[in-house]
file target.txt (compact mmCIF, C-alpha atoms and all ligand atoms)
# COMPACT_ATOMS: atom_id res chain seq x y z
CA MET I 1 0.00 0.00 0.00
CA GLU I 2 1.34 3.46 -0.84
CA SER I 3 2.00 5.86 2.05
CA ILE I 4 1.49 9.57 2.48
CA TRP I 5 3.57 11.62 4.92
CA ILE I 6 1.78 14.12 7.11
CA THR I 7 3.40 16.93 9.06
CA ASP I 8 0.97 18.10 11.73
CA VAL I 9 1.41 21.85 12.07
CA SER I 10 -1.16 22.46 14.81
CA PRO I 11 1.32 23.49 17.53
CA ARG I 12 2.82 26.16 15.21
CA ASP I 13 0.43 27.27 12.46
CA GLY I 14 -2.46 26.31 14.70
CA LEU I 15 -1.47 28.12 17.84
CA GLN I 16 0.32 31.16 16.43
CA ASN I 17 -2.79 33.30 16.19
CA GLN I 18 -4.68 32.01 19.20
CA PRO I 19 -5.25 34.94 21.54
CA LYS I 20 -5.04 32.67 24.57
CA LEU I 21 -1.43 31.83 25.47
CA LEU I 22 -0.89 28.15 26.24
CA SER I 23 1.68 27.07 28.81
CA THR I 24 4.71 25.10 27.64
CA GLY I 25 3.32 22.10 29.58
CA ASP I 26 0.02 22.27 27.69
CA LYS I 27 1.82 22.48 24.34
CA LEU I 28 3.94 19.49 25.35
CA ALA I 29 0.80 17.55 26.29
CA LEU I 30 -0.80 18.44 22.93
CA ILE I 31 2.28 17.19 21.07
CA GLY I 32 2.26 14.04 23.24
CA LEU I 33 -1.31 13.31 22.10
CA LEU I 34 -0.28 13.82 18.46
CA VAL I 35 2.55 11.32 18.98
CA ALA I 36 0.11 8.89 20.64
CA ALA I 37 -2.18 9.21 17.58
CA GLY I 38 0.73 8.05 15.41
CA LEU I 39 2.11 11.31 14.07
CA ARG I 40 5.86 11.19 13.55
CA ARG I 41 6.34 14.61 11.96
CA VAL I 42 5.10 17.66 13.89
CA GLU I 43 5.90 21.35 13.42
CA VAL I 44 6.46 22.08 17.05
CA THR I 45 7.03 25.84 17.20
CA SER I 46 8.69 28.81 15.52
CA PHE I 47 11.82 30.71 16.50
CA VAL I 48 10.42 34.11 15.56
CA SER I 49 10.43 37.39 17.40
CA PRO I 50 8.33 37.04 20.57
CA LYS I 51 7.14 40.58 19.86
CA ALA I 52 5.74 39.43 16.49
CA VAL I 53 4.21 36.19 17.85
CA PRO I 54 3.98 36.09 21.67
CA GLN I 55 2.60 32.51 21.61
CA MET I 56 6.02 31.26 20.41
CA ALA I 57 8.13 32.92 23.12
CA ASP I 58 8.83 29.52 24.75
CA ALA I 59 10.18 27.95 21.52
CA ALA I 60 13.54 26.86 22.95
CA ASP I 61 12.13 25.31 26.11
CA LEU I 62 9.40 23.55 24.19
CA LEU I 63 11.67 22.08 21.51
CA SER I 64 14.20 20.84 24.09
CA ALA I 65 11.42 19.21 26.11
CA VAL I 66 9.89 17.60 22.99
CA ILE I 67 13.26 16.14 21.96
CA GLY I 68 13.77 14.77 25.48
CA GLN I 69 10.30 13.29 25.89
CA TYR I 70 9.33 12.05 22.43
CA PRO I 71 12.38 10.43 20.80
CA GLN I 72 10.14 8.72 18.22
CA LEU I 73 9.09 12.13 16.85
CA GLN I 74 10.83 14.02 14.04
CA PRO I 75 10.15 17.58 15.16
CA THR I 76 10.40 20.45 12.71
CA VAL I 77 10.45 24.18 13.51
CA LEU I 78 9.98 27.39 11.59
CA VAL I 79 12.77 29.98 11.54
CA PRO I 80 12.45 33.39 9.84
CA ASN I 81 16.16 34.24 9.67
CA LEU I 82 19.70 33.34 10.81
CA LYS I 83 18.98 34.49 14.34
CA GLY I 84 16.04 32.08 14.52
CA LEU I 85 18.25 29.31 13.10
CA GLU I 86 20.88 29.93 15.75
CA ARG I 87 18.26 29.73 18.51
CA ALA I 88 16.76 26.56 16.99
CA CYS I 89 20.18 24.94 16.70
CA LEU I 90 20.96 25.63 20.37
CA ALA I 91 17.66 23.97 21.32
CA GLY I 92 18.62 20.86 19.34
CA ALA I 93 16.64 21.27 16.08
CA GLY I 94 17.34 18.70 13.36
CA GLU I 95 14.98 20.19 10.79
CA ILE I 96 13.86 23.74 10.02
CA SER I 97 11.52 25.55 7.63
CA VAL I 98 11.94 29.00 6.17
CA VAL I 99 9.06 31.05 4.77
CA LEU I 100 9.29 32.85 1.46
CA ALA I 101 6.09 34.59 0.43
CA ALA I 102 5.56 34.90 -3.31
CA THR I 103 4.82 38.64 -3.22
CA GLU I 104 6.55 41.82 -2.15
CA THR I 105 3.80 42.95 0.25
CA MET I 106 3.28 39.62 1.99
CA ASN I 107 7.01 39.34 2.76
CA ARG I 108 6.97 42.85 4.20
CA LYS I 109 3.98 42.03 6.42
CA ASN I 110 5.45 38.73 7.54
CA ILE I 111 9.16 39.32 8.02
CA ASN I 112 9.61 43.03 7.28
CA GLN I 113 11.61 42.48 4.08
CA GLY I 114 10.84 42.85 0.37
CA LEU I 115 10.83 39.87 -2.00
CA ALA I 116 14.47 40.16 -3.12
CA ASP I 117 15.81 40.48 0.44
CA ALA I 118 13.49 37.75 1.70
CA THR I 119 14.71 35.40 -1.04
CA ARG I 120 18.35 36.02 -0.10
CA ASN I 121 17.52 35.67 3.59
CA CYS I 122 15.82 32.31 3.00
CA GLN I 123 18.68 31.07 0.84
CA ASP I 124 21.25 32.10 3.45
CA THR I 125 19.25 30.46 6.24
CA VAL I 126 18.82 27.20 4.29
CA ARG I 127 22.53 27.10 3.38
CA ALA I 128 23.54 27.70 6.99
CA ALA I 129 21.12 25.03 8.23
CA LYS I 130 22.46 22.52 5.68
CA ALA I 131 25.99 23.30 6.83
CA MET I 132 24.84 22.42 10.37
CA GLY I 133 23.58 19.08 9.05
CA MET I 134 19.87 19.90 9.28
CA ARG I 135 17.06 18.85 6.96
CA THR I 136 15.41 21.90 5.42
CA ARG I 137 12.01 22.89 4.09
CA ALA I 138 11.01 26.12 2.35
CA TYR I 139 7.42 27.29 2.46
CA LEU I 140 6.33 29.24 -0.59
CA ALA I 141 3.54 31.24 1.06
CA VAL I 142 0.58 32.84 -0.73
CA ALA I 143 1.34 30.40 -3.54
CA PHE I 144 -2.13 30.70 -5.08
CA ASP I 145 -3.37 34.15 -4.01
CA CYS I 146 -1.99 36.97 -1.89
CA PRO I 147 -4.45 38.95 0.24
CA PHE I 148 -2.65 42.14 -0.84
CA GLU I 149 -1.57 41.51 -4.45
CA GLY I 150 -4.08 39.03 -5.88
CA ALA I 151 -3.35 35.87 -7.88
CA THR I 152 0.21 34.52 -7.84
CA PRO I 153 1.36 33.54 -11.35
CA VAL I 154 2.72 29.98 -11.47
CA PRO I 155 5.94 31.14 -13.23
CA THR I 156 6.66 33.38 -10.21
CA LEU I 157 6.28 30.36 -7.97
CA MET I 158 8.56 28.33 -10.25
CA ALA I 159 11.23 31.01 -10.14
CA LEU I 160 11.15 31.17 -6.32
CA ALA I 161 11.22 27.39 -6.05
CA GLN I 162 14.30 27.38 -8.30
CA GLN I 163 15.99 29.90 -5.99
CA MET I 164 15.39 27.59 -3.05
CA LEU I 165 16.62 24.55 -4.97
CA VAL I 166 19.81 26.47 -5.76
CA ALA I 167 20.29 26.73 -1.98
CA GLN I 168 19.88 22.91 -1.82
CA VAL I 169 16.64 22.92 0.14
CA ASP I 170 15.33 19.39 0.76
CA GLU I 171 11.59 20.07 0.47
CA ILE I 172 9.44 22.82 -1.02
CA VAL I 173 6.05 23.36 0.62
CA ILE I 174 3.44 25.01 -1.59
CA ALA I 175 1.31 26.96 0.87
CA ASP I 176 -2.23 28.07 0.13
CA THR I 177 -1.99 30.56 2.98
CA ILE I 178 -5.45 32.09 2.63
CA GLY I 179 -7.20 28.93 1.46
CA SER I 180 -8.26 30.16 -1.97
CA ALA I 181 -6.98 27.28 -4.13
CA THR I 182 -9.29 25.02 -6.10
CA PRO I 183 -8.61 21.47 -7.31
CA GLY I 184 -8.26 22.67 -10.91
CA ARG I 185 -5.70 25.28 -9.95
CA VAL I 186 -3.79 22.74 -7.85
CA ARG I 187 -3.67 20.37 -10.83
CA ASP I 188 -2.48 23.11 -13.21
CA CYS I 189 0.09 24.45 -10.75
CA LEU I 190 1.54 21.00 -10.05
CA ARG I 191 1.64 20.13 -13.73
CA LEU I 192 4.07 23.04 -14.22
CA LEU I 193 6.00 22.72 -10.96
CA GLY I 194 6.35 18.98 -11.50
CA MET I 195 8.42 19.68 -14.62
CA ALA I 196 11.12 21.34 -12.52
CA ILE I 197 10.80 19.75 -9.08
CA PRO I 198 10.73 16.03 -8.27
CA MET I 199 7.36 15.17 -6.70
CA ASN I 200 9.05 13.67 -3.64
CA GLN I 201 10.54 17.08 -2.89
CA LEU I 202 7.15 18.79 -2.97
CA ALA I 203 4.65 19.10 -0.13
CA MET I 204 1.28 20.87 0.00
CA HIS I 205 -0.03 23.08 2.81
CA PHE I 206 -3.72 23.92 2.48
CA HIS I 207 -6.08 26.05 4.50
CA ASP I 208 -9.80 25.26 4.56
CA THR I 209 -11.22 28.80 4.31
CA ARG I 210 -13.64 27.89 1.50
CA GLY I 211 -14.19 24.26 2.43
CA LEU I 212 -12.10 22.95 -0.46
CA ALA I 213 -8.96 21.85 1.36
CA THR I 214 -9.73 18.11 1.14
CA ALA I 215 -10.62 18.41 -2.54
CA ASN I 216 -7.38 20.31 -3.11
CA ALA I 217 -5.39 17.63 -1.26
CA TRP I 218 -7.00 15.02 -3.50
CA ALA I 219 -5.97 16.96 -6.61
CA ALA I 220 -2.41 17.05 -5.26
CA LEU I 221 -2.50 13.31 -4.52
CA GLU I 222 -3.65 12.64 -8.07
CA ALA I 223 -0.79 14.80 -9.33
CA GLY I 224 1.68 12.60 -7.42
CA VAL I 225 2.31 14.61 -4.22
CA ARG I 226 2.68 12.40 -1.13
CA ARG I 227 3.69 14.96 1.50
CA PHE I 228 1.12 17.12 3.23
CA ASP I 229 0.89 19.56 6.08
CA ALA I 230 -2.32 19.43 8.10
CA SER I 231 -3.55 20.54 11.48
CA THR I 232 -5.59 18.40 13.83
CA GLY I 233 -9.04 19.89 14.34
CA GLY I 234 -8.28 22.43 11.61
CA LEU I 235 -6.64 24.63 14.20
CA GLY I 236 -4.86 27.46 12.44
CA GLY I 237 -4.58 30.71 10.55
CA CYS I 238 -1.93 33.32 9.88
CA PRO I 239 -1.92 36.52 11.95
CA PHE I 240 -0.27 38.39 9.07
CA ALA I 241 -2.63 37.30 6.25
CA PRO I 242 -6.16 38.66 6.57
CA GLY I 243 -8.78 36.04 5.72
CA ALA I 244 -6.58 33.03 6.48
CA ALA I 245 -8.72 30.43 8.26
CA GLY I 246 -7.77 27.09 9.80
CA ASN I 247 -5.64 24.49 8.06
CA LEU I 248 -6.73 21.37 6.27
CA ALA I 249 -7.75 19.19 9.21
CA THR I 250 -5.51 16.18 9.80
CA GLU I 251 -8.57 13.98 10.48
CA ASP I 252 -10.11 14.94 7.11
CA LEU I 253 -6.87 14.18 5.27
CA VAL I 254 -6.37 10.86 7.08
CA LEU I 255 -9.97 9.78 6.51
CA MET I 256 -9.77 10.66 2.82
CA ALA I 257 -6.35 9.10 2.27
CA GLN I 258 -6.98 5.88 4.24
CA GLY I 259 -10.36 5.42 2.59
CA SER I 260 -8.67 5.82 -0.80
CA GLY I 261 -6.01 3.17 -0.28
CA PHE I 262 -3.14 5.20 1.18
CA GLN I 263 -1.42 4.29 4.41
CA THR I 264 -0.89 6.98 7.05
CA ASN I 265 -0.28 5.00 10.26
CA ILE I 266 -2.39 7.60 12.05
CA ASP I 267 -5.23 6.62 14.36
CA LEU I 268 -8.40 8.67 13.89
CA GLY I 269 -9.57 7.92 17.43
CA GLY I 270 -6.30 9.35 18.70
CA LEU I 271 -6.87 12.53 16.68
CA LEU I 272 -10.25 12.93 18.40
CA ASP I 273 -8.41 12.96 21.73
CA VAL I 274 -6.10 15.70 20.41
CA ILE I 275 -9.12 17.78 19.36
CA GLU I 276 -10.82 17.36 22.71
CA PHE I 277 -7.69 18.48 24.53
CA ALA I 278 -7.00 21.43 22.21
CA GLN I 279 -10.61 22.64 22.50
CA SER I 280 -10.39 22.65 26.26
CA LYS I 281 -7.21 24.73 26.12
CA ILE I 282 -8.22 27.37 23.58
CA ASP I 283 -11.85 27.59 24.75
CA ARG I 284 -13.45 27.27 21.33
CA PRO I 285 -14.83 24.39 19.29
CA LEU I 286 -12.53 22.77 16.75
CA GLY I 287 -12.84 20.04 14.17
CA GLY I 288 -12.59 19.48 10.44
CA ARG I 289 -15.47 18.52 8.14
CA SER I 290 -15.47 14.92 9.33
CA HIS I 291 -15.14 15.63 13.04
CA SER I 292 -18.76 15.22 14.13
CA TRP I 293 -19.17 12.00 12.13
CA LEU I 294 -15.95 10.59 13.56
CA ALA I 295 -16.98 11.58 17.08
CA LEU I 296 -20.32 9.82 16.58
CA GLN I 297 -18.60 6.60 15.42
CA LYS I 298 -16.37 6.74 18.45
CA LEU I 299 -19.40 7.16 20.71
CA LYS I 300 -21.04 4.18 19.05
CA GLY I 301 -17.78 2.29 19.53
CA ASP I 302 -17.37 1.16 15.95
CA LEU I 303 -14.85 3.59 14.51
CA GLU I 304 -12.64 0.71 13.42
CA ALA I 305 -15.39 -1.11 11.58
CA ARG I 306 -16.61 2.01 9.81
CA LEU I 307 -13.13 2.84 8.64
CA LEU I 308 -12.42 -0.67 7.45
CA PHE I 309 -15.74 -0.91 5.64
CA PRO I 310 -16.60 2.64 4.57
CA GLY I 311 -20.05 3.34 3.15
N1 LIG O 1 13.95 35.41 17.13
C1 LIG O 1 13.90 36.27 18.18
N2 LIG O 1 14.19 37.56 18.06
C2 LIG O 1 14.55 38.02 16.83
C3 LIG O 1 14.64 37.17 15.72
C4 LIG O 1 14.31 35.81 15.89
N3 LIG O 1 14.33 34.95 14.90
N4 LIG O 1 15.01 37.90 14.67
C5 LIG O 1 15.19 39.16 15.09
N5 LIG O 1 14.91 39.23 16.40
C6 LIG O 1 14.96 40.40 17.29
C7 LIG O 1 16.22 41.21 17.08
O1 LIG O 1 17.27 40.71 17.86
C8 LIG O 1 15.76 42.58 17.56
O2 LIG O 1 15.70 42.58 18.96
P1 LIG O 1 15.90 43.92 19.82
O3 LIG O 1 14.77 44.83 19.44
O4 LIG O 1 15.81 43.44 21.22
O5 LIG O 1 17.24 44.43 19.39
C9 LIG O 1 14.33 42.64 17.06
O6 LIG O 1 13.90 41.28 16.91
C10 LIG O 1 14.21 43.35 15.72
O7 LIG O 1 15.11 42.77 14.81
P2 LIG O 1 15.03 43.03 13.25
O8 LIG O 1 16.08 42.22 12.57
O9 LIG O 1 15.02 44.52 12.99
O10 LIG O 1 13.66 42.37 12.91
P3 LIG O 1 12.29 43.00 12.48
O11 LIG O 1 11.71 43.90 13.49
O12 LIG O 1 12.44 43.49 11.09
O13 LIG O 1 11.41 41.66 12.48
C11 LIG O 1 11.30 39.26 12.23
C12 LIG O 1 11.77 40.58 11.66
C13 LIG O 1 11.49 38.22 11.15
C14 LIG O 1 12.13 38.90 13.43
C15 LIG O 1 9.83 39.36 12.67
O14 LIG O 1 9.12 40.02 11.66
C16 LIG O 1 9.21 38.02 12.92
O15 LIG O 1 9.54 37.34 13.87
N6 LIG O 1 8.28 37.60 12.09
C17 LIG O 1 7.65 36.29 12.25
C18 LIG O 1 6.47 36.22 11.42
C19 LIG O 1 5.78 34.87 11.58
O16 LIG O 1 5.95 34.12 12.51
N7 LIG O 1 4.97 34.58 10.61
C20 LIG O 1 4.21 33.38 10.63
C21 LIG O 1 4.86 32.35 9.81
S1 LIG O 1 4.11 32.21 8.24
ZN ZN O 2 -0.50 27.98 7.04
call {"tool": "encode", "arguments": {"input": "target.txt", "output": "structure tokens"}}
result
Amino acid sequence: MESIWITDVSPRDGLQNQPKLLSTGDKLALIGLLVAAGLRRVEVTSFVSPKAVPQMADAADLLSAVIGQYPQLQPTVLVPNLKGLERACLAGAGEISVVLAATETMNRKNINQGLADATRNCQDTVRAAKAMGMRTRAYLAVAFDCPFEGATPVPTLMALAQQMLVAQVDEIVIADTIGSATPGRVRDCLRLLGMAIPMNQLAMHFHDTRGLATANAWAALEAGVRRFDASTGGLGGCPFAPGAAGNLATEDLVLMAQGSGFQTNIDLGGLLDVIEFAQSKIDRPLGGRSHSWLALQKLKGDLEARLLFPG
């Protein structure tokens, strides 16, 4: 059976714009539940300015604790620059992501640099991380539409991806930051990107603003992508991109992929426990499109049977 690889980004993309600050212990418990559900790749935190994102002020303590407590996990962290990389390295990071937005304005809003400077900054950060022996990912943010500049042309995306490949990045993550992609656009975009980038170096990061994230993930699967970001319960959003809603929910992606013959090694019942815990900590309801159905199956006690014999 073919596998897909999911990076759960709920502790980073999910928590970064939550007004309620979670304690390091609560974040650690959340990550522990993700590990218990079978996740082996989790974006744990970001080493950004605590003034820009107060929720991430405990990045170093959290990453060190995660490495100590969950050796089976491959944690990944976001860094916006060399300073962030240095902090992540000291805390023991083995993998980092940089974020390059596809437009001038989005880069300025996010990291206070224009596109040319941001590109150089990301290249320098990736090169330095590689020299430290780390695995690297580069997000191409606002890959479909920018809330400030409109549609992103695919050739622009291609050019930025090439710049990151020149810096020897291991993985390029196409990020639909505001959740405006459609399956047809995903197909067309990947048809072009796939000519320049091996599919196993590409990952997709969808947001579910318009309810199309699962359909978009399916289009990417059909195009040959096997790496996805997702967030349990759909927790998420970007504080710097107006209109960005929660991420593609991990439970929706797992349900779709497992029901379509892909292996994920993730337990849907375990994801329900993550959602329950996260809800209690952020004081608002969470859950992807499939959440209430999954919760009902769990109540009835036949989640396993339903998943083995869907329909
Ligand atoms: N971690 C912690 N502090 C950092 C830092 C980092 N990675 N990078 C810079 N700083 C500190 C500097 O040391 C300086 O501190 P000081 O005021 O005490 O001297 C201060 O931040 C300003 O530094 P500067 O280089 O001028 O940065 P800036 O104000 O232009 O902000 C970023 C740039 C990248 C640090 C900031 O915009 C940021 O953290 N953005 C994150 C955005 C984000 O998380 N987006 C979501 C991901 S999609
Ligand atoms: Zn995102």
call {"tool": "residues_around", "arguments": {"input": "target.txt", "residues": "Leu160 in chain I", "least_positions_apart": "2", "cutoff": "9 Å", "atoms": "all atoms listed in the file", "output": "list of chain:residue names"}}
result
I:Leu100, I:Ala102, I:Thr119, I:Leu140, I:Pro155, I:Thr156, I:Leu157, I:Met158, I:Gln162, I:Gln163, I:Met164, I:Leu165
call {"tool": "residues_near_ligand", "arguments": {"input": "target.txt", "ligand": "ligand LIG 1 (chain O)", "cutoff": "8 Å", "atoms": "all atoms listed in the file", "output": "tab-separated table (two decimals) with C-alpha atoms, in the coordinates of the input"}}
result
chain	number	residue	atom	x	y	z
I	13	ASP	CA	0.43	27.27	12.46
I	16	GLN	CA	0.32	31.16	16.43
I	46	SER	CA	8.69	28.81	15.52
I	47	PHE	CA	11.82	30.71	16.50
I	48	VAL	CA	10.42	34.11	15.56
I	49	SER	CA	10.43	37.39	17.40
I	50	PRO	CA	8.33	37.04	20.57
I	51	LYS	CA	7.14	40.58	19.86
I	52	ALA	CA	5.74	39.43	16.49
I	53	VAL	CA	4.21	36.19	17.85
I	78	LEU	CA	9.98	27.39	11.59
I	79	VAL	CA	12.77	29.98	11.54
I	80	PRO	CA	12.45	33.39	9.84
I	81	ASN	CA	16.16	34.24	9.67
I	82	LEU	CA	19.70	33.34	10.81
I	83	LYS	CA	18.98	34.49	14.34
I	84	GLY	CA	16.04	32.08	14.52
I	85	LEU	CA	18.25	29.31	13.10
I	87	ARG	CA	18.26	29.73	18.51
I	99	VAL	CA	9.06	31.05	4.77
I	109	LYS	CA	3.98	42.03	6.42
I	110	ASN	CA	5.45	38.73	7.54
I	111	ILE	CA	9.16	39.32	8.02
I	112	ASN	CA	9.61	43.03	7.28
I	113	GLN	CA	11.61	42.48	4.08
I	141	ALA	CA	3.54	31.24	1.06
I	238	CYS	CA	-1.93	33.32	9.88
I	239	PRO	CA	-1.92	36.52	11.95
I	240	PHE	CA	-0.27	38.39	9.07
call {"tool": "residues_near_ligand", "arguments": {"input": "target.txt", "ligand": "ligand ZN 2 (chain O)", "cutoff": "8 Å", "atoms": "all atoms listed in the file", "output": "list in words"}}
result
Asp13, Ala141, Ala175, Asp176, Thr177, Ile178, His205, Phe206, His207, Gly236, Gly237, Cys238, Ala244, Gly246 and Asn247 of chain I
call {"tool": "closest_residue", "arguments": {"input": "target.txt", "among": "I:Gln123, I:Gln74, I:Gln279, I:Ser64", "to": "Ala161 in chain I", "atoms": "only C-alpha atoms"}}
result
I:Gln123
call {"tool": "axis_aligned_box", "arguments": {"input": "target.txt", "around": "range 197-207 of chain I", "padding_each_side": "5 Å", "output": "AutoDock Vina command-line options"}}
result
--center_x 2.4 --center_y 19.9 --center_z -2.3 --size_x 26.9 --size_y 22.4 --size_z 23.6
call {"tool": "residues_around", "arguments": {"input": "target.txt", "residues": "Val9 in chain I", "least_positions_apart": "6", "cutoff": "7 Å", "atoms": "only C-alpha atoms", "output": "PyMOL selection string"}}
result
chain I and resi 42-43+229-231
call {"tool": "residues_around", "arguments": {"input": "target.txt", "residues": "Ser290 in chain I", "least_positions_apart": "2", "cutoff": "12 Å", "atoms": "all atoms listed in the file", "output": "JSON, numbers by chain"}}
result
{"I": [211, 214, 232, 233, 234, 248, 249, 250, 251, 252, 253, 254, 255, 256, 268, 271, 272, 286, 287, 288, 292, 293, 294, 295, 296, 297]}
call {"tool": "residues_around", "arguments": {"input": "target.txt", "residues": "Tyr70 in chain I", "least_positions_apart": "4", "cutoff": "8 Å", "atoms": "all atoms listed in the file", "output": "ChimeraX atom specification"}}
result
/I:32,35,66
call {"tool": "atom_distance", "arguments": {"input": "target.txt", "atom1": "CA of Arg41 in chain I", "atom2": "CA of Glu222 in chain I"}}
result
22.5 Å
